[in-house]
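Peer 1: I'd like to ask you about the structure that follows.
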Amino acid sequence: MSADHLAEIGLRYEVDGEIATVTLDRPDKRNAQTFATWSALRSIGDALPEQVRVVVVKGEGPSFSAGIDLRMFSDEGVPGQGSFGSASSQDDDSLKQAVDKAQQGFLWLRRPDIVSVAAVQGHAIGAGFQLALACDLRIVADDVKFCMKEPALGLVPDLTGTKPLVELVGLAKAIDICLTARVVEADEAYRIGLAEQVVAAGDLAGAVAEKAAQLLSTDRDAAAATKRLLQGASGRTLDEQRAAEGAEQAQRLKALFGGRS
Ligand code: ACO
């Protein structure tokens, strides 16, 4: 996907060695997201160069992202793209397919071979909040404002955000955040585990670069294997988890010492 095409959609994508950076780049519209954003994000994930180990997701301007482009709820939609505004004339299957397609833009950020880091400043609303939740880590500026606005608009959060939210903050807090659509600011985000780190807005890029360097300091294959273990842990019993540890370690030991006689 060419830089010009991405620019038309409001995205930038750069690869520098082992670090890829995806920037939501429509600051005048607070980085509102469209079908084209999600489709391009998916293409970026599909074509991610093999050497990339860290993916930084950030937003240009005062807001990380104001969520879905509200024109998508109008009958006219976004020019050249469909809209959810004509939902009543579509059957359940095509609506579910449209949601599935949008979700693909976010899903790849969990891949075990990468660590995704969201750099979040200002508003992260709805789809913006969920994009941050799709990342493995969130480093936030002290002006951050997370808001799961969907229920206030008659919708559910459907861009893969509900599972990480519950896993990070617990069911009660997730219900509180979603069903009130209230704003979660930096101090609370850090306290409840939504953010790994809070920094002054001017220090956000530096803090993310430092985290990326830390992430790159470990062994690539061991990091991927460890992420697989950690991701699977909550769905396994202790016995299943220790068996999984053994299986991964057997591969590591073979890779490290297999050549010795
Ligand atoms: N969709 C389309 N355009 C948007 C969106 C959006 N989600 N958010 C902001 N914009 C546009 C505004 O219309 C405005 O455009 P204009 O300059 O042509 O009038 C421009 O971005 C700047 O917006 P302001 O409201 O002036 O910026 P401000 O910094 O004061 O406020 C804020 C930012 C709080 C994010 C506000 O714009 C807002 O509440 N946006 C809507 C958020 C929303 O409801 N998102 C949907 C969530 S649900 C979901 O994502 C599934």
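Following the order of the structure tokens, chains are lettered A, B, ..., residues in each are numbered from 1, and ligands are numbered from 1.
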Just want the 10 Å neighbourhood of stretch 123-134 of chain A, counted on only C-alpha atoms, with same-chain residues fewer than 4 positions away dropped. Output as a compact mmCIF listing (two decimals) with N, CA and C atoms, in the first residue's frame.
Peer 2:
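Generated file (out.txt):
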```
# COMPACT_ATOMS: atom_id res chain seq x y z
N LEU A 24 -2.06 7.30 13.08
CA LEU A 24 -3.36 7.83 12.62
C LEU A 24 -3.10 9.31 12.33
N ARG A 30 -9.52 14.72 14.34
CA ARG A 30 -9.19 14.00 15.58
C ARG A 30 -8.98 12.50 15.31
N ASN A 31 -8.40 12.20 14.13
CA ASN A 31 -8.05 10.82 13.77
C ASN A 31 -9.25 9.87 13.84
N ALA A 32 -10.40 10.38 13.39
CA ALA A 32 -11.60 9.53 13.31
C ALA A 32 -11.34 8.41 12.30
N GLN A 33 -11.89 7.25 12.57
CA GLN A 33 -11.59 6.04 11.79
C GLN A 33 -12.76 5.65 10.89
N THR A 34 -12.41 5.12 9.71
CA THR A 34 -13.42 4.70 8.74
C THR A 34 -13.17 3.23 8.35
N VAL A 57 1.71 2.21 17.75
CA VAL A 57 0.50 2.79 17.17
C VAL A 57 0.27 4.13 17.85
N LYS A 58 0.23 5.20 17.06
CA LYS A 58 0.08 6.53 17.67
C LYS A 58 -0.85 7.40 16.85
N GLY A 59 -1.20 8.54 17.40
CA GLY A 59 -2.10 9.45 16.71
C GLY A 59 -1.47 10.83 16.61
N PRO A 62 -3.85 16.55 18.76
CA PRO A 62 -4.22 16.57 20.18
C PRO A 62 -4.90 15.30 20.67
N SER A 63 -5.50 14.50 19.75
CA SER A 63 -6.22 13.30 20.18
C SER A 63 -5.58 12.06 19.57
N PHE A 64 -5.54 10.98 20.33
CA PHE A 64 -5.13 9.69 19.76
C PHE A 64 -6.15 9.31 18.68
N SER A 65 -7.42 9.23 19.06
CA SER A 65 -8.48 9.02 18.06
C SER A 65 -9.85 9.25 18.68
N ALA A 66 -10.67 10.03 17.98
CA ALA A 66 -12.05 10.31 18.42
C ALA A 66 -13.00 9.19 18.01
N GLY A 67 -12.45 8.02 17.63
CA GLY A 67 -13.31 6.86 17.35
C GLY A 67 -13.81 6.84 15.93
N ILE A 68 -14.90 6.14 15.77
CA ILE A 68 -15.45 5.96 14.42
C ILE A 68 -15.83 7.32 13.84
N ASP A 69 -15.60 7.47 12.55
CA ASP A 69 -16.03 8.70 11.86
C ASP A 69 -17.56 8.71 11.88
N GLN A 103 -12.85 -5.67 12.39
CA GLN A 103 -12.05 -6.23 13.49
C GLN A 103 -10.68 -6.71 13.02
N GLY A 105 -8.66 -5.32 11.23
CA GLY A 105 -7.68 -4.23 11.29
C GLY A 105 -6.97 -4.16 12.64
N PHE A 106 -7.61 -4.69 13.66
CA PHE A 106 -7.07 -4.60 15.03
C PHE A 106 -6.45 -5.91 15.52
N LEU A 107 -6.96 -7.05 14.96
CA LEU A 107 -6.61 -8.36 15.54
C LEU A 107 -5.11 -8.66 15.49
N TRP A 108 -4.47 -8.31 14.39
CA TRP A 108 -3.08 -8.71 14.19
C TRP A 108 -2.13 -8.09 15.22
N LEU A 109 -2.58 -7.02 15.88
CA LEU A 109 -1.71 -6.35 16.85
C LEU A 109 -1.38 -7.25 18.05
N ARG A 110 -2.11 -8.37 18.19
CA ARG A 110 -1.81 -9.32 19.28
C ARG A 110 -0.82 -10.40 18.87
N SER A 116 2.96 -4.88 20.44
CA SER A 116 2.38 -3.62 19.98
C SER A 116 2.25 -2.66 21.16
N VAL A 117 2.63 -1.44 20.91
CA VAL A 117 2.62 -0.41 21.96
C VAL A 117 1.78 0.77 21.47
N ALA A 118 0.72 1.10 22.20
CA ALA A 118 -0.08 2.28 21.86
C ALA A 118 0.48 3.48 22.61
N ALA A 119 0.74 4.55 21.88
CA ALA A 119 1.17 5.83 22.49
C ALA A 119 -0.05 6.73 22.45
N ARG A 138 0.07 0.03 26.74
CA ARG A 138 -0.39 1.41 26.53
C ARG A 138 0.49 2.34 27.37
N ILE A 139 1.18 3.23 26.68
CA ILE A 139 1.91 4.29 27.37
C ILE A 139 1.14 5.57 27.07
N VAL A 140 0.78 6.30 28.12
CA VAL A 140 -0.17 7.40 27.91
C VAL A 140 0.41 8.73 28.39
N ASP A 143 -2.57 13.81 29.73
CA ASP A 143 -3.85 14.41 29.34
C ASP A 143 -4.81 13.38 28.72
N VAL A 144 -4.49 12.09 28.86
CA VAL A 144 -5.29 11.06 28.18
C VAL A 144 -6.72 11.04 28.71
N LYS A 145 -7.64 10.74 27.80
CA LYS A 145 -9.06 10.62 28.18
C LYS A 145 -9.64 9.42 27.43
N PHE A 146 -9.71 8.29 28.12
CA PHE A 146 -10.32 7.10 27.53
C PHE A 146 -11.83 7.18 27.74
N CYS A 147 -12.59 6.80 26.72
CA CYS A 147 -14.06 6.78 26.88
C CYS A 147 -14.65 5.72 25.95
N MET A 148 -15.37 4.77 26.55
CA MET A 148 -16.05 3.75 25.72
C MET A 148 -17.47 4.26 25.47
N LYS A 149 -17.58 5.03 24.39
CA LYS A 149 -18.81 5.79 24.18
C LYS A 149 -19.94 4.99 23.53
N GLU A 150 -19.61 3.82 23.00
CA GLU A 150 -20.60 3.08 22.19
C GLU A 150 -21.96 2.93 22.88
N PRO A 151 -22.01 2.46 24.15
CA PRO A 151 -23.34 2.27 24.75
C PRO A 151 -24.15 3.56 24.84
N VAL A 156 -22.68 -1.48 20.86
CA VAL A 156 -21.75 -2.16 21.76
C VAL A 156 -20.33 -1.94 21.24
N PRO A 157 -19.32 -2.00 22.11
CA PRO A 157 -17.94 -1.96 21.62
C PRO A 157 -17.68 -3.27 20.88
N ASP A 158 -17.38 -3.19 19.57
CA ASP A 158 -17.30 -4.43 18.77
C ASP A 158 -15.97 -4.56 18.04
N LEU A 159 -15.00 -3.72 18.36
CA LEU A 159 -13.72 -3.79 17.64
C LEU A 159 -12.67 -4.47 18.51
N THR A 160 -13.06 -5.59 19.10
CA THR A 160 -12.19 -6.50 19.86
C THR A 160 -11.75 -5.92 21.21
N GLY A 161 -12.46 -4.88 21.68
CA GLY A 161 -12.00 -4.22 22.90
C GLY A 161 -12.54 -4.80 24.20
N THR A 162 -13.66 -5.54 24.15
CA THR A 162 -14.27 -5.93 25.42
C THR A 162 -13.41 -6.94 26.18
N LYS A 163 -12.80 -7.88 25.46
CA LYS A 163 -12.00 -8.91 26.15
C LYS A 163 -10.77 -8.32 26.85
N PRO A 164 -9.93 -7.56 26.13
CA PRO A 164 -8.79 -6.98 26.85
C PRO A 164 -9.22 -6.05 27.98
N LEU A 165 -10.32 -5.34 27.80
CA LEU A 165 -10.74 -4.42 28.87
C LEU A 165 -11.05 -5.22 30.15
N LEU A 168 -7.91 -6.60 31.69
CA LEU A 168 -7.03 -5.60 32.31
C LEU A 168 -7.61 -5.07 33.61
N CYS A 178 -17.85 1.02 30.71
CA CYS A 178 -18.63 0.94 29.45
C CYS A 178 -20.07 1.42 29.64
N ALA A 181 -20.17 5.10 30.06
CA ALA A 181 -19.46 5.85 29.00
C ALA A 181 -18.71 7.05 29.59
N VAL A 183 -15.46 9.17 31.30
CA VAL A 183 -14.07 9.37 30.89
C VAL A 183 -13.13 8.82 31.96
N VAL A 184 -12.13 8.07 31.53
CA VAL A 184 -11.09 7.59 32.43
C VAL A 184 -9.83 8.38 32.14
N GLU A 185 -9.36 9.11 33.13
CA GLU A 185 -8.18 9.95 32.92
C GLU A 185 -6.91 9.21 33.37
N LEU A 194 -5.00 0.04 33.04
CA LEU A 194 -5.24 0.33 31.62
C LEU A 194 -3.97 0.85 30.95
N ALA A 195 -3.17 1.56 31.72
CA ALA A 195 -1.93 2.15 31.18
C ALA A 195 -0.75 1.59 31.96
```
Peer 1: Determine which residues of stretch 11-260 of chain A DSSP labels as strand (DSSP E) from the backbone of this structure, then write them out as a PyMOL selection string.
Peer 2: chain A and resi 11-16+19-24+54-59+115-120+123-125+137-141+145-147+183-185+197-199
Peer 1: Stretch 236-250 of chain A: which residues within 10 Å, counting only C-alpha atoms, same-chain residues fewer than 6 positions away excluded, as number ranges by chain?
Peer 2: A: 222, 225-226, 228-230, 256
Peer 1: Give me a file of those residues, with all heavy atoms, as a PDB file, in the first residue's frame.
Peer 2:
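Here's the written file selection36.pdb:
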```
ATOM      1  N   ALA A 222      12.574 -16.286  21.943  1.00  0.00           N
ATOM      2  CA  ALA A 222      12.130 -16.502  23.330  1.00  0.00           C
ATOM      3  C   ALA A 222      11.002 -15.531  23.681  1.00  0.00           C
ATOM      4  O   ALA A 222      10.055 -15.888  24.393  1.00  0.00           O
ATOM      5  CB  ALA A 222      13.302 -16.318  24.293  1.00  0.00           C
ATOM      6  N   ALA A 225       7.800 -16.877  22.089  1.00  0.00           N
ATOM      7  CA  ALA A 225       7.322 -18.068  22.814  1.00  0.00           C
ATOM      8  C   ALA A 225       6.726 -17.660  24.165  1.00  0.00           C
ATOM      9  O   ALA A 225       5.696 -18.187  24.597  1.00  0.00           O
ATOM     10  CB  ALA A 225       8.472 -19.051  23.004  1.00  0.00           C
ATOM     11  N   THR A 226       7.379 -16.713  24.832  1.00  0.00           N
ATOM     12  CA  THR A 226       6.874 -16.255  26.135  1.00  0.00           C
ATOM     13  C   THR A 226       5.538 -15.539  25.975  1.00  0.00           C
ATOM     14  O   THR A 226       4.614 -15.735  26.776  1.00  0.00           O
ATOM     15  CB  THR A 226       7.907 -15.331  26.808  1.00  0.00           C
ATOM     16  OG1 THR A 226       9.156 -16.032  26.909  1.00  0.00           O
ATOM     17  CG2 THR A 226       7.453 -14.913  28.198  1.00  0.00           C
ATOM     18  N   ARG A 228       3.320 -16.140  23.680  1.00  0.00           N
ATOM     19  CA  ARG A 228       2.313 -17.200  23.457  1.00  0.00           C
ATOM     20  C   ARG A 228       1.877 -17.789  24.792  1.00  0.00           C
ATOM     21  O   ARG A 228       0.694 -18.017  25.036  1.00  0.00           O
ATOM     22  CB  ARG A 228       2.888 -18.318  22.578  1.00  0.00           C
ATOM     23  CG  ARG A 228       2.835 -18.049  21.094  1.00  0.00           C
ATOM     24  CD  ARG A 228       3.078 -19.324  20.287  1.00  0.00           C
ATOM     25  NE  ARG A 228       4.399 -19.894  20.485  1.00  0.00           N
ATOM     26  CZ  ARG A 228       5.480 -19.559  19.791  1.00  0.00           C
ATOM     27  NH1 ARG A 228       5.398 -18.660  18.836  1.00  0.00           N
ATOM     28  NH2 ARG A 228       6.660 -20.130  20.036  1.00  0.00           N
ATOM     29  N   LEU A 229       2.868 -18.065  25.666  1.00  0.00           N
ATOM     30  CA  LEU A 229       2.543 -18.652  26.985  1.00  0.00           C
ATOM     31  C   LEU A 229       1.670 -17.709  27.803  1.00  0.00           C
ATOM     32  O   LEU A 229       0.675 -18.122  28.397  1.00  0.00           O
ATOM     33  CB  LEU A 229       3.827 -18.934  27.767  1.00  0.00           C
ATOM     34  CG  LEU A 229       4.592 -20.197  27.397  1.00  0.00           C
ATOM     35  CD1 LEU A 229       5.930 -20.223  28.109  1.00  0.00           C
ATOM     36  CD2 LEU A 229       3.767 -21.434  27.736  1.00  0.00           C
ATOM     37  N   LEU A 230       2.058 -16.447  27.842  1.00  0.00           N
ATOM     38  CA  LEU A 230       1.308 -15.476  28.647  1.00  0.00           C
ATOM     39  C   LEU A 230      -0.100 -15.288  28.108  1.00  0.00           C
ATOM     40  O   LEU A 230      -1.072 -15.218  28.872  1.00  0.00           O
ATOM     41  CB  LEU A 230       2.056 -14.137  28.682  1.00  0.00           C
ATOM     42  CG  LEU A 230       3.445 -14.174  29.353  1.00  0.00           C
ATOM     43  CD1 LEU A 230       4.160 -12.838  29.159  1.00  0.00           C
ATOM     44  CD2 LEU A 230       3.342 -14.514  30.830  1.00  0.00           C
ATOM     45  N   LEU A 256      18.736 -23.687  21.211  1.00  0.00           N
ATOM     46  CA  LEU A 256      19.957 -23.122  21.802  1.00  0.00           C
ATOM     47  C   LEU A 256      21.099 -24.125  21.850  1.00  0.00           C
ATOM     48  O   LEU A 256      22.251 -23.777  21.604  1.00  0.00           O
ATOM     49  CB  LEU A 256      19.657 -22.628  23.229  1.00  0.00           C
ATOM     50  CG  LEU A 256      18.839 -21.338  23.373  1.00  0.00           C
ATOM     51  CD1 LEU A 256      18.499 -21.095  24.833  1.00  0.00           C
ATOM     52  CD2 LEU A 256      19.591 -20.143  22.800  1.00  0.00           C
TER      53      LEU A 256
END
```
Peer 1: Taking 4 positions as the minimum chain separation for residues in the same chain, which residues sit within 8 Å of A:Ala20 when counting only C-alpha atoms? Answer as a list in words.
Peer 2: Tyr13, Glu14, Val15, Asp16, Val52, Arg53, Val54, Val55 and Val56 of chain A
Peer 1: Can you write out the residues you just picked, keeping N, CA and C atoms, as a compact mmCIF listing (two decimals), in the first residue's frame?
Peer 2:
```
# COMPACT_ATOMS: atom_id res chain seq x y z
N TYR A 13 2.75 5.07 7.77
CA TYR A 13 3.33 3.79 8.18
C TYR A 13 4.81 3.83 7.85
N GLU A 14 5.64 3.63 8.88
CA GLU A 14 7.09 3.65 8.66
C GLU A 14 7.71 2.44 9.33
N VAL A 15 8.73 1.88 8.66
CA VAL A 15 9.48 0.79 9.27
C VAL A 15 10.92 1.23 9.40
N ASP A 16 11.44 1.12 10.62
CA ASP A 16 12.84 1.47 10.86
C ASP A 16 13.46 0.28 11.58
N VAL A 52 10.33 -7.06 11.79
CA VAL A 52 9.69 -6.16 12.77
C VAL A 52 9.32 -6.92 14.04
N ARG A 53 9.69 -6.36 15.18
CA ARG A 53 9.37 -6.97 16.48
C ARG A 53 8.50 -6.08 17.33
N VAL A 54 8.54 -4.78 17.08
CA VAL A 54 7.74 -3.84 17.88
C VAL A 54 6.92 -2.97 16.93
N VAL A 55 5.63 -2.87 17.21
CA VAL A 55 4.76 -2.01 16.40
C VAL A 55 4.21 -0.91 17.32
N VAL A 56 4.52 0.32 16.98
CA VAL A 56 4.02 1.46 17.75
C VAL A 56 2.79 2.01 17.02
```
Peer 1: Please provide as an MDAnalysis selection string all residues within 10 Å of A:Gly85, with the sequence filter that same-chain residues fewer than 4 positions apart are discarded (counting only C-alpha atoms).
Peer 2: chainID A and resid 70:77 89
Peer 1: Go ahead and write the selection's residues with N, CA and C atoms as a PDB file, in the first residue's frame.
Peer 2:
```pdb
ATOM      1  N   LEU A  70     -18.103   9.703  12.545  1.00  0.00           N
ATOM      2  CA  LEU A  70     -19.547   9.723  12.780  1.00  0.00           C
ATOM      3  C   LEU A  70     -20.359   9.797  11.483  1.00  0.00           C
ATOM      4  N   ARG A  71     -19.698  10.165  10.382  1.00  0.00           N
ATOM      5  CA  ARG A  71     -20.416  10.144   9.096  1.00  0.00           C
ATOM      6  C   ARG A  71     -20.837   8.721   8.732  1.00  0.00           C
ATOM      7  N   MET A  72     -20.162   7.735   9.317  1.00  0.00           N
ATOM      8  CA  MET A  72     -20.505   6.349   8.987  1.00  0.00           C
ATOM      9  C   MET A  72     -21.859   5.930   9.544  1.00  0.00           C
ATOM     10  N   PHE A  73     -22.415   6.744  10.417  1.00  0.00           N
ATOM     11  CA  PHE A  73     -23.757   6.447  10.920  1.00  0.00           C
ATOM     12  C   PHE A  73     -24.829   7.223  10.157  1.00  0.00           C
ATOM     13  N   SER A  74     -24.383   8.011   9.175  1.00  0.00           N
ATOM     14  CA  SER A  74     -25.369   8.760   8.381  1.00  0.00           C
ATOM     15  C   SER A  74     -25.743   7.917   7.158  1.00  0.00           C
ATOM     16  N   ASP A  75     -26.830   8.236   6.517  1.00  0.00           N
ATOM     17  CA  ASP A  75     -27.234   7.505   5.308  1.00  0.00           C
ATOM     18  C   ASP A  75     -26.192   7.690   4.203  1.00  0.00           C
ATOM     19  N   GLU A  76     -25.609   8.876   4.129  1.00  0.00           N
ATOM     20  CA  GLU A  76     -24.637   9.166   3.050  1.00  0.00           C
ATOM     21  C   GLU A  76     -23.327   8.433   3.276  1.00  0.00           C
ATOM     22  N   GLY A  77     -22.937   8.248   4.529  1.00  0.00           N
ATOM     23  CA  GLY A  77     -21.673   7.591   4.848  1.00  0.00           C
ATOM     24  C   GLY A  77     -20.478   8.441   4.469  1.00  0.00           C
ATOM     25  N   SER A  89     -31.536  -1.924   6.083  1.00  0.00           N
ATOM     26  CA  SER A  89     -31.799  -2.595   4.809  1.00  0.00           C
ATOM     27  C   SER A  89     -30.844  -3.766   4.568  1.00  0.00           C
TER      28      SER A  89
END
```
